[in-house]
Amino acid sequence: MHPVSNFSSSVSVSAERTIYKSSIMKKLGIFILLSTILAQAFSQEINATEESRKERRSDSSHDNSEVVVGRNFLRITENDSMVNIRVGNRGLKILESLEGDGTRIKVEKYNDAEQDHNEADRDRNYDYNNDERPHRSGFRGNWSGVELGLNNYTTSRSSQVIPDPIDYMTLHSGKSVNFNVNFAQLNLGITRHVGFVTGVGFTWNNYRFDGNNNIVKGDNGMIVMLDPGEGLEKSKLTTLYMHIPFLFEFQIPVSRNHLSLAAGPIGAVKLASHSKMLFEDKHKVKSNSDFNLNMLRYGATVRAGYSNFNLYGTYYLTPLFRSGDGPDGYNLYPFEVGIAFTFNN
């Protein structure tokens, strides 16, 4: 039996479960609220797009109906003879008849430059004395995508030196990995290359401890060191947050791509957390707990890059642990830096 098993038997399980269930209910309520707000925002964008793109007539006198989400993020065009579904620069065309070459389904790849030119020609054909002309800037921000980086924390707003009393909180910097998935992007364009960007994403933070230890909530309710004894190979604390940014972004066109710079506030709500230890004999010990982590946090994020490749950095002004309940009462402020690959171009 591992020494950690003896330690775990001394922890009050019932009290821990009560607190954990309460936090789950709070997080669920916040998650539903945020999801509802974002769904309403996307509904407004879709409705506005549909209103601005009412009946369009083709050369063959067929009526076209078109729904656009974002700028070519999702585009559905339909008339009497075909349905065209486009996601990004890929599309699927479904023919309603066997006329022509008889092809029923076609997979297509689009050229953004050609698409922009066609849209510009179409827009010029509108009567600009008519209030129903399209009001779209064509702005697309750089948010939706995947991000991979490293995370750590500071003990003050300027220092990464871990005080001696909480030396057990020192991290293995090269193995404390951060992974983000961003989706549901919403663009609020001011001009074609300037605007606001928001959306929803999930962030996983792995805090890999450098010493032969882990952490646990002590009898006094504060975070203390857990000494599992000999044979520990590695240990970490893992958190999962849902985050929502509000970024101001401007872009500098370069050939057919652009340089971009974006910055703004970001808020997050904690969905889950656990610690994990792996011993040399491959025995694993996993503990699900709230670890006194702040359920809500906010900070600032900045992103810069070229086309679909970006660098990002985020610093949270909210401590990782609830104030006063962290390791020996110290406040630790998390941050993350890494690379991002966006899907919106």
# chains A, B, ... in the order shown; residues from 1 in each chain; ligands from 1

$ residues_around --residues "range 302-312 of chain A" --least-positions-apart "2" --cutoff "12 Å" --atoms "only C-alpha atoms" --output "PDB file with C-alpha atoms, in the first residue's frame"
ATOM      1  CA  ARG A 140     -12.741  38.462 -39.698  1.00  0.00           C
ATOM      2  CA  GLY A 141     -10.815  38.247 -36.449  1.00  0.00           C
ATOM      3  CA  ASN A 142      -8.287  35.639 -35.371  1.00  0.00           C
ATOM      4  CA  TRP A 143      -9.755  33.623 -32.503  1.00  0.00           C
ATOM      5  CA  SER A 144     -11.308  30.265 -33.442  1.00  0.00           C
ATOM      6  CA  GLY A 145      -8.692  27.528 -33.582  1.00  0.00           C
ATOM      7  CA  VAL A 146      -6.336  25.546 -31.358  1.00  0.00           C
ATOM      8  CA  GLU A 147      -3.555  26.801 -29.093  1.00  0.00           C
ATOM      9  CA  LEU A 148      -0.634  25.031 -27.463  1.00  0.00           C
ATOM     10  CA  GLY A 149       1.682  26.600 -24.916  1.00  0.00           C
ATOM     11  CA  LEU A 150       3.219  26.561 -21.454  1.00  0.00           C
ATOM     12  CA  ASN A 151       1.735  27.873 -18.226  1.00  0.00           C
ATOM     13  CA  ASN A 178      -1.474  24.546 -21.698  1.00  0.00           C
ATOM     14  CA  PHE A 179      -3.951  23.502 -24.427  1.00  0.00           C
ATOM     15  CA  ASN A 180      -6.877  25.614 -25.696  1.00  0.00           C
ATOM     16  CA  VAL A 197     -13.843  39.638 -31.730  1.00  0.00           C
ATOM     17  CA  PRO A 245     -12.616  37.057 -24.556  1.00  0.00           C
ATOM     18  CA  PHE A 246     -13.518  40.470 -25.916  1.00  0.00           C
ATOM     19  CA  LEU A 247     -10.695  41.510 -28.231  1.00  0.00           C
ATOM     20  CA  PHE A 248      -9.983  44.627 -30.252  1.00  0.00           C
ATOM     21  CA  GLU A 249      -8.091  43.615 -33.388  1.00  0.00           C
ATOM     22  CA  PHE A 250      -6.530  45.482 -36.278  1.00  0.00           C
ATOM     23  CA  GLN A 251      -4.900  43.988 -39.337  1.00  0.00           C
ATOM     24  CA  ILE A 252      -2.306  45.095 -41.880  1.00  0.00           C
ATOM     25  CA  PRO A 253      -2.850  43.550 -45.351  1.00  0.00           C
ATOM     26  CA  VAL A 254       0.211  41.764 -46.739  1.00  0.00           C
ATOM     27  CA  SER A 255      -0.235  40.234 -50.189  1.00  0.00           C
ATOM     28  CA  ARG A 256      -3.274  37.947 -49.861  1.00  0.00           C
ATOM     29  CA  ASN A 257      -2.862  37.567 -46.094  1.00  0.00           C
ATOM     30  CA  HIS A 258      -2.440  39.974 -43.190  1.00  0.00           C
ATOM     31  CA  LEU A 259      -0.515  40.773 -40.062  1.00  0.00           C
ATOM     32  CA  SER A 260      -2.767  41.036 -37.023  1.00  0.00           C
ATOM     33  CA  LEU A 261      -2.602  42.335 -33.465  1.00  0.00           C
ATOM     34  CA  ALA A 262      -5.378  41.843 -30.920  1.00  0.00           C
ATOM     35  CA  ALA A 263      -5.738  42.510 -27.206  1.00  0.00           C
ATOM     36  CA  GLY A 264      -8.463  42.738 -24.607  1.00  0.00           C
ATOM     37  CA  PRO A 265      -9.990  41.323 -21.431  1.00  0.00           C
ATOM     38  CA  ILE A 266     -10.810  37.662 -20.928  1.00  0.00           C
ATOM     39  CA  GLY A 299      -7.352  38.832 -16.962  1.00  0.00           C
ATOM     40  CA  ALA A 300      -5.892  40.245 -20.146  1.00  0.00           C
ATOM     41  CA  THR A 314      -2.667  35.577 -21.221  1.00  0.00           C
ATOM     42  CA  TYR A 315      -2.183  36.865 -17.702  1.00  0.00           C
ATOM     43  CA  TYR A 316      -4.881  36.489 -15.052  1.00  0.00           C
ATOM     44  CA  PHE A 335      -0.265  33.041 -16.998  1.00  0.00           C
ATOM     45  CA  GLU A 336       0.197  31.168 -20.268  1.00  0.00           C
ATOM     46  CA  VAL A 337       2.109  31.750 -23.513  1.00  0.00           C
ATOM     47  CA  GLY A 338       2.189  29.762 -26.718  1.00  0.00           C
ATOM     48  CA  ILE A 339       1.328  29.422 -30.397  1.00  0.00           C
ATOM     49  CA  ALA A 340      -2.113  29.409 -32.034  1.00  0.00           C
ATOM     50  CA  PHE A 341      -3.457  28.110 -35.342  1.00  0.00           C
ATOM     51  CA  THR A 342      -6.714  29.733 -36.378  1.00  0.00           C
ATOM     52  CA  PHE A 343      -9.400  28.319 -38.672  1.00  0.00           C
ATOM     53  CA  ASN A 344     -11.150  31.478 -39.819  1.00  0.00           C
ATOM     54  CA  ASN A 345      -8.967  32.402 -42.828  1.00  0.00           C
TER      55      ASN A 345
END

$ closest_residue --among "A:Gly313, A:Gly231, A:Pro165, A:Gly201" --to "Phe279 in chain A" --atoms "only C-alpha atoms"
A:Gly231

$ atom_distance --atom1 "CA of His283 in chain A" --atom2 "CA of Asp167 in chain A"
25.4 Å

$ select_by_dssp --residues "range 180-309 of chain A" --states "strand (DSSP E)" --output "ChimeraX atom specification"
/A:180-191,194-208,214-217,223-226,232-254,257-279,284-288,296-306,309

$ write_last_selection --atoms "C-alpha atoms" --output "tab-separated table (two decimals), in the first residue's frame"
chain	number	residue	atom	x	y	z
A	180	ASN	CA	-6.88	25.61	-25.70
A	181	VAL	CA	-9.71	24.97	-28.14
A	182	ASN	CA	-11.51	28.15	-29.29
A	183	PHE	CA	-14.76	28.07	-31.22
A	184	ALA	CA	-18.06	29.94	-31.80
A	185	GLN	CA	-16.30	33.08	-33.00
A	186	LEU	CA	-18.33	36.28	-33.41
A	187	ASN	CA	-16.93	39.20	-35.46
A	188	LEU	CA	-18.05	42.79	-34.89
A	189	GLY	CA	-16.39	44.72	-37.71
A	190	ILE	CA	-15.75	48.46	-37.74
A	191	THR	CA	-13.92	48.39	-41.06
A	194	VAL	CA	-10.49	46.69	-37.74
A	195	GLY	CA	-13.06	45.30	-35.34
A	196	PHE	CA	-13.96	43.41	-32.19
A	197	VAL	CA	-13.84	39.64	-31.73
A	198	THR	CA	-15.46	37.42	-29.12
A	199	GLY	CA	-16.29	33.74	-28.79
A	200	VAL	CA	-16.06	30.75	-26.48
A	201	GLY	CA	-13.22	28.37	-25.74
A	202	PHE	CA	-11.94	25.74	-23.35
A	203	THR	CA	-8.53	25.82	-21.71
A	204	TRP	CA	-6.69	22.93	-20.06
A	205	ASN	CA	-3.83	23.85	-17.72
A	206	ASN	CA	-1.42	21.22	-16.44
A	207	TYR	CA	0.73	22.38	-13.52
A	208	ARG	CA	3.53	19.79	-13.28
A	214	ASN	CA	1.64	17.02	-4.67
A	215	ILE	CA	-0.92	19.27	-2.92
A	216	VAL	CA	-4.08	18.70	-0.90
A	217	LYS	CA	-6.55	20.71	1.15
A	223	ILE	CA	-3.64	24.18	0.51
A	224	VAL	CA	-0.71	22.23	1.97
A	225	MET	CA	1.95	19.89	0.63
A	226	LEU	CA	1.18	16.21	0.21
A	232	LEU	CA	6.82	9.07	-6.99
A	233	GLU	CA	7.64	9.51	-10.68
A	234	LYS	CA	5.56	12.60	-11.48
A	235	SER	CA	2.62	14.60	-10.17
A	236	LYS	CA	0.48	17.45	-11.45
A	237	LEU	CA	-2.57	19.64	-10.89
A	238	THR	CA	-4.96	19.95	-13.86
A	239	THR	CA	-7.72	22.53	-14.37
A	240	LEU	CA	-10.39	22.97	-17.05
A	241	TYR	CA	-11.92	26.42	-17.65
A	242	MET	CA	-14.37	27.81	-20.18
A	243	HIS	CA	-13.27	31.28	-21.30
A	244	ILE	CA	-14.79	34.20	-23.20
A	245	PRO	CA	-12.62	37.06	-24.56
A	246	PHE	CA	-13.52	40.47	-25.92
A	247	LEU	CA	-10.69	41.51	-28.23
A	248	PHE	CA	-9.98	44.63	-30.25
A	249	GLU	CA	-8.09	43.61	-33.39
A	250	PHE	CA	-6.53	45.48	-36.28
A	251	GLN	CA	-4.90	43.99	-39.34
A	252	ILE	CA	-2.31	45.09	-41.88
A	253	PRO	CA	-2.85	43.55	-45.35
A	254	VAL	CA	0.21	41.76	-46.74
A	257	ASN	CA	-2.86	37.57	-46.09
A	258	HIS	CA	-2.44	39.97	-43.19
A	259	LEU	CA	-0.52	40.77	-40.06
A	260	SER	CA	-2.77	41.04	-37.02
A	261	LEU	CA	-2.60	42.34	-33.47
A	262	ALA	CA	-5.38	41.84	-30.92
A	263	ALA	CA	-5.74	42.51	-27.21
A	264	GLY	CA	-8.46	42.74	-24.61
A	265	PRO	CA	-9.99	41.32	-21.43
A	266	ILE	CA	-10.81	37.66	-20.93
A	267	GLY	CA	-13.02	35.97	-18.35
A	268	ALA	CA	-13.31	32.29	-17.41
A	269	VAL	CA	-15.34	29.89	-15.28
A	270	LYS	CA	-13.90	26.68	-13.82
A	271	LEU	CA	-15.52	23.45	-14.97
A	272	ALA	CA	-13.28	20.79	-13.39
A	273	SER	CA	-10.01	20.17	-11.55
A	274	HIS	CA	-8.02	17.20	-10.29
A	275	SER	CA	-4.57	16.13	-9.16
A	276	LYS	CA	-2.74	13.06	-10.39
A	277	MET	CA	0.30	11.12	-9.22
A	278	LEU	CA	2.17	8.40	-11.08
A	279	PHE	CA	4.52	6.12	-9.19
A	284	LYS	CA	-1.77	5.98	-10.36
A	285	VAL	CA	-3.61	8.06	-7.78
A	286	LYS	CA	-6.14	10.64	-8.99
A	287	SER	CA	-8.04	13.03	-6.73
A	288	ASN	CA	-11.02	15.14	-7.86
A	296	LEU	CA	-14.32	32.72	-11.74
A	297	ARG	CA	-11.26	34.53	-13.03
A	298	TYR	CA	-10.45	37.41	-15.33
A	299	GLY	CA	-7.35	38.83	-16.96
A	300	ALA	CA	-5.89	40.24	-20.15
A	301	THR	CA	-4.83	38.48	-23.34
A	302	VAL	CA	-2.83	39.57	-26.38
A	303	ARG	CA	-2.32	37.91	-29.76
A	304	ALA	CA	-0.09	38.73	-32.74
A	305	GLY	CA	0.64	36.87	-35.92
A	306	TYR	CA	0.54	36.40	-39.67
A	309	PHE	CA	-0.30	31.50	-37.33

$ closest_residue --among "A:Phe139, A:Asn292, A:Asn79, A:Glu230" --to "His193 in chain A" --atoms "only C-alpha atoms"
A:Phe139

$ atom_distance --atom1 "CA of Tyr168 in chain A" --atom2 "CA of Lys282 in chain A"
22.5 Å

$ closest_residue --among "A:Gly211, A:Pro334, A:Pro228, A:Gly218" --to "Leu320 in chain A" --atoms "only C-alpha atoms"
A:Pro334

$ atom_distance --atom1 "CA of Ile162 in chain A" --atom2 "CA of Gly229 in chain A"
22.7 Å
